[in-house]
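Undergrad: Next up, model_30.cif (mmCIF, C-alpha atoms).
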data_target
#
loop_
_atom_site.label_atom_id
_atom_site.label_comp_id
_atom_site.auth_asym_id
_atom_site.auth_seq_id
_atom_site.Cartn_x
_atom_site.Cartn_y
_atom_site.Cartn_z
CA GLN M 1 -44.09 50.29 53.17
CA VAL M 2 -46.01 47.09 53.77
CA GLN M 3 -44.96 43.69 52.52
CA LEU M 4 -47.35 40.77 52.13
CA VAL M 5 -45.93 37.26 51.81
CA GLU M 6 -48.23 34.43 50.77
CA SER M 7 -47.73 30.72 51.17
CA GLY M 8 -49.71 27.50 50.85
CA GLY M 9 -50.67 27.32 47.20
CA GLY M 10 -50.21 24.20 45.10
CA LEU M 11 -51.87 21.43 43.13
CA VAL M 12 -54.82 19.51 44.56
CA GLN M 13 -57.50 17.21 43.21
CA ALA M 14 -61.11 18.29 43.04
CA GLY M 15 -62.78 17.87 46.41
CA GLY M 16 -59.54 18.43 48.26
CA SER M 17 -58.41 21.20 50.59
CA LEU M 18 -55.68 23.79 50.81
CA ARG M 19 -54.81 26.46 53.35
CA LEU M 20 -53.29 29.75 52.30
CA SER M 21 -51.43 32.08 54.64
CA CYS M 22 -50.45 35.72 54.26
CA ALA M 23 -48.11 37.47 56.66
CA ALA M 24 -47.83 41.24 56.69
CA SER M 25 -44.66 43.02 57.71
CA GLY M 26 -43.14 46.47 57.48
CA SER M 27 -44.60 49.80 58.52
CA ILE M 28 -47.75 48.45 60.02
CA SER M 29 -49.73 50.74 62.24
CA SER M 30 -53.17 49.31 61.99
CA ILE M 31 -54.27 47.11 59.14
CA HIS M 32 -58.00 47.51 58.90
CA VAL M 33 -58.85 44.85 56.37
CA MET M 34 -57.00 41.84 55.01
CA GLY M 35 -58.21 39.38 52.47
CA TRP M 36 -57.81 37.44 49.27
CA TYR M 37 -58.57 38.04 45.63
CA ARG M 38 -58.02 35.63 42.77
CA GLN M 39 -57.44 35.92 39.06
CA ALA M 40 -57.81 33.15 36.50
CA PRO M 41 -56.19 33.44 33.05
CA GLY M 42 -58.08 35.88 30.86
CA LYS M 43 -60.40 36.94 33.67
CA GLN M 44 -60.61 39.89 36.03
CA ARG M 45 -59.38 39.81 39.59
CA ASP M 46 -62.29 38.91 41.88
CA LEU M 47 -62.86 39.04 45.61
CA VAL M 48 -62.56 35.72 47.43
CA ALA M 49 -62.96 36.90 51.00
CA TYR M 50 -61.90 39.58 53.43
CA ILE M 51 -61.90 40.08 57.18
CA ASN M 52 -61.67 43.32 59.14
CA SER M 53 -59.89 43.98 62.41
CA GLY M 54 -63.08 43.29 64.33
CA GLY M 55 -63.58 39.89 62.75
CA GLY M 56 -66.30 40.83 60.29
CA THR M 57 -66.11 38.88 57.05
CA LYS M 58 -67.31 38.99 53.48
CA TYR M 59 -67.14 36.19 50.90
CA GLY M 60 -67.52 36.01 47.18
CA ASP M 61 -70.67 34.16 46.17
CA SER M 62 -68.82 31.29 44.51
CA VAL M 63 -66.88 30.34 47.67
CA LYS M 64 -69.55 30.74 50.36
CA GLY M 65 -69.86 27.62 52.47
CA ARG M 66 -66.57 26.18 51.18
CA PHE M 67 -63.90 28.72 52.14
CA THR M 68 -63.22 30.22 55.56
CA ILE M 69 -61.11 33.27 56.26
CA SER M 70 -59.50 33.92 59.63
CA ARG M 71 -57.03 36.35 61.07
CA ASP M 72 -54.38 36.52 63.78
CA ASN M 73 -54.06 40.21 64.60
CA ALA M 74 -51.05 39.67 66.86
CA LYS M 75 -49.17 38.10 63.96
CA ASN M 76 -50.64 40.34 61.24
CA THR M 77 -51.48 37.16 59.39
CA VAL M 78 -54.59 36.12 57.51
CA TYR M 79 -55.52 32.57 56.56
CA LEU M 80 -57.82 31.11 53.92
CA GLN M 81 -59.03 27.56 54.47
CA MET M 82 -60.31 26.21 51.17
CA ASN M 83 -62.40 23.04 51.22
CA SER M 84 -64.33 21.17 48.54
CA LEU M 85 -62.12 22.69 45.88
CA ARG M 86 -63.33 22.70 42.28
CA PRO M 87 -61.46 23.04 38.99
CA GLU M 88 -63.01 26.50 38.59
CA ASP M 89 -61.16 27.60 41.74
CA THR M 90 -57.92 27.38 39.76
CA ALA M 91 -56.32 30.84 39.79
CA VAL M 92 -53.54 32.95 41.19
CA TYR M 93 -54.57 34.00 44.68
CA TYR M 94 -53.44 37.43 45.87
CA CYS M 95 -53.29 38.60 49.44
CA TRP M 96 -54.63 42.12 49.97
CA ALA M 97 -54.44 44.55 52.86
CA HIS M 98 -56.05 47.94 53.31
CA MET M 99 -54.47 50.45 55.68
CA SER M 100 -54.51 54.22 56.02
CA GLY M 101 -56.36 54.61 52.75
CA ASN M 102 -53.92 52.50 50.77
CA SER M 103 -54.16 49.01 49.31
CA TYR M 104 -51.26 46.57 49.31
CA TRP M 105 -50.89 43.34 47.35
CA GLY M 106 -48.83 40.20 47.68
CA GLN M 107 -47.01 38.60 44.78
CA GLY M 108 -49.64 35.90 44.36
CA THR M 109 -49.67 32.15 44.85
CA GLN M 110 -50.90 29.63 42.30
CA VAL M 111 -53.73 27.27 43.20
CA THR M 112 -54.49 24.54 40.68
CA VAL M 113 -57.37 22.12 41.10
CA SER M 114 -57.36 19.09 38.84
CA SER M 115 -60.55 17.28 37.81
#
Using structure tokens, write down the structure that the file contains.
TA:
Amino acid sequence: QVQLVESGGGLVQAGGSLRLSCAASGSISSIHVMGWYRQAPGKQRDLVAYINSGGGTKYGDSVKGRFTISRDNAKNTVYLQMNSLRPEDTAVYYCWAHMSGNSYWGQGTQVTVSS
């Protein structure tokens, strides 16, 4: 069993910044990929960004150039630095990890960007 605990969400004005963290714990042998998805009310859950164990990254088109994902493998923790936030970034952000063919999800953290 793998547990993912997110932190760092909150309310911020447009143009501001937030940093999300996600710490993985439990039966961790080798987490291949960690990342973030988000889901706004009435919309599907979309990829924000992910990073693999080698440092390779992928970003959703809407966050490229504004968000940066990073990872501390020793701490099994992934970070999402979000800059130049927009009202359309408002959503619940979910941490995600992929390991041994299984996907694991955090409980989600709310990010609200006011205009």
Undergrad: Applying the PyMOL selection byres ((chain M and resi 23) around 7) to the file I just gave you, which residues come out? Please list them as a VMD selection string.
TA: chain M and resid 4 to 6 21 to 22 24 to 25 76 to 78
Undergrad: Could you list the residues chosen by the PyMOL selection byres ((chain M and resi 110-113) around 12) in this structure as a PyMOL selection string?
TA: chain M and resi 6-20+37-41+82-95+107-109+114-115
Undergrad: How would the residues just picked look written out with C-alpha atoms as a PDB file, in the coordinates of the input?
TA:
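This went into part-v1.pdb:
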ATOM      1  CA  GLU M   6     -48.230  34.430  50.770  1.00  0.00           C
ATOM      2  CA  SER M   7     -47.730  30.720  51.170  1.00  0.00           C
ATOM      3  CA  GLY M   8     -49.710  27.500  50.850  1.00  0.00           C
ATOM      4  CA  GLY M   9     -50.670  27.320  47.200  1.00  0.00           C
ATOM      5  CA  GLY M  10     -50.210  24.200  45.100  1.00  0.00           C
ATOM      6  CA  LEU M  11     -51.870  21.430  43.130  1.00  0.00           C
ATOM      7  CA  VAL M  12     -54.820  19.510  44.560  1.00  0.00           C
ATOM      8  CA  GLN M  13     -57.500  17.210  43.210  1.00  0.00           C
ATOM      9  CA  ALA M  14     -61.110  18.290  43.040  1.00  0.00           C
ATOM     10  CA  GLY M  15     -62.780  17.870  46.410  1.00  0.00           C
ATOM     11  CA  GLY M  16     -59.540  18.430  48.260  1.00  0.00           C
ATOM     12  CA  SER M  17     -58.410  21.200  50.590  1.00  0.00           C
ATOM     13  CA  LEU M  18     -55.680  23.790  50.810  1.00  0.00           C
ATOM     14  CA  ARG M  19     -54.810  26.460  53.350  1.00  0.00           C
ATOM     15  CA  LEU M  20     -53.290  29.750  52.300  1.00  0.00           C
ATOM     16  CA  TYR M  37     -58.570  38.040  45.630  1.00  0.00           C
ATOM     17  CA  ARG M  38     -58.020  35.630  42.770  1.00  0.00           C
ATOM     18  CA  GLN M  39     -57.440  35.920  39.060  1.00  0.00           C
ATOM     19  CA  ALA M  40     -57.810  33.150  36.500  1.00  0.00           C
ATOM     20  CA  PRO M  41     -56.190  33.440  33.050  1.00  0.00           C
ATOM     21  CA  MET M  82     -60.310  26.210  51.170  1.00  0.00           C
ATOM     22  CA  ASN M  83     -62.400  23.040  51.220  1.00  0.00           C
ATOM     23  CA  SER M  84     -64.330  21.170  48.540  1.00  0.00           C
ATOM     24  CA  LEU M  85     -62.120  22.690  45.880  1.00  0.00           C
ATOM     25  CA  ARG M  86     -63.330  22.700  42.280  1.00  0.00           C
ATOM     26  CA  PRO M  87     -61.460  23.040  38.990  1.00  0.00           C
ATOM     27  CA  GLU M  88     -63.010  26.500  38.590  1.00  0.00           C
ATOM     28  CA  ASP M  89     -61.160  27.600  41.740  1.00  0.00           C
ATOM     29  CA  THR M  90     -57.920  27.380  39.760  1.00  0.00           C
ATOM     30  CA  ALA M  91     -56.320  30.840  39.790  1.00  0.00           C
ATOM     31  CA  VAL M  92     -53.540  32.950  41.190  1.00  0.00           C
ATOM     32  CA  TYR M  93     -54.570  34.000  44.680  1.00  0.00           C
ATOM     33  CA  TYR M  94     -53.440  37.430  45.870  1.00  0.00           C
ATOM     34  CA  CYS M  95     -53.290  38.600  49.440  1.00  0.00           C
ATOM     35  CA  GLN M 107     -47.010  38.600  44.780  1.00  0.00           C
ATOM     36  CA  GLY M 108     -49.640  35.900  44.360  1.00  0.00           C
ATOM     37  CA  THR M 109     -49.670  32.150  44.850  1.00  0.00           C
ATOM     38  CA  SER M 114     -57.360  19.090  38.840  1.00  0.00           C
ATOM     39  CA  SER M 115     -60.550  17.280  37.810  1.00  0.00           C
TER      40      SER M 115
END
Undergrad: Applied to the shown file, which residues does the PyMOL selection byres ((chain M and resi 30-36) around 9) return, written as number ranges by chain?
TA: M: 22, 28-29, 37-38, 46-54, 69, 71, 73, 76-80, 93-100
Undergrad: Could you tell me how far atom CA of M:Gly101 sits from atom CA of M:Gly56, in Å to one decimal place?
TA: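 These two atoms are separated by 18.6 Å.
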Undergrad: Could you check how far atom CA of M:Gly106 sits from atom CA of M:Gln3, in Å to one decimal?
TA: 7.1 Å
Undergrad: As an exercise, work out the distance from atom CA of M:Asp72 to atom CA of M:Tyr104 in Å and give it to one decimal place.
TA: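 Result for atom CA of M:Asp72 versus atom CA of M:Tyr104: 17.9 Å, one decimal.
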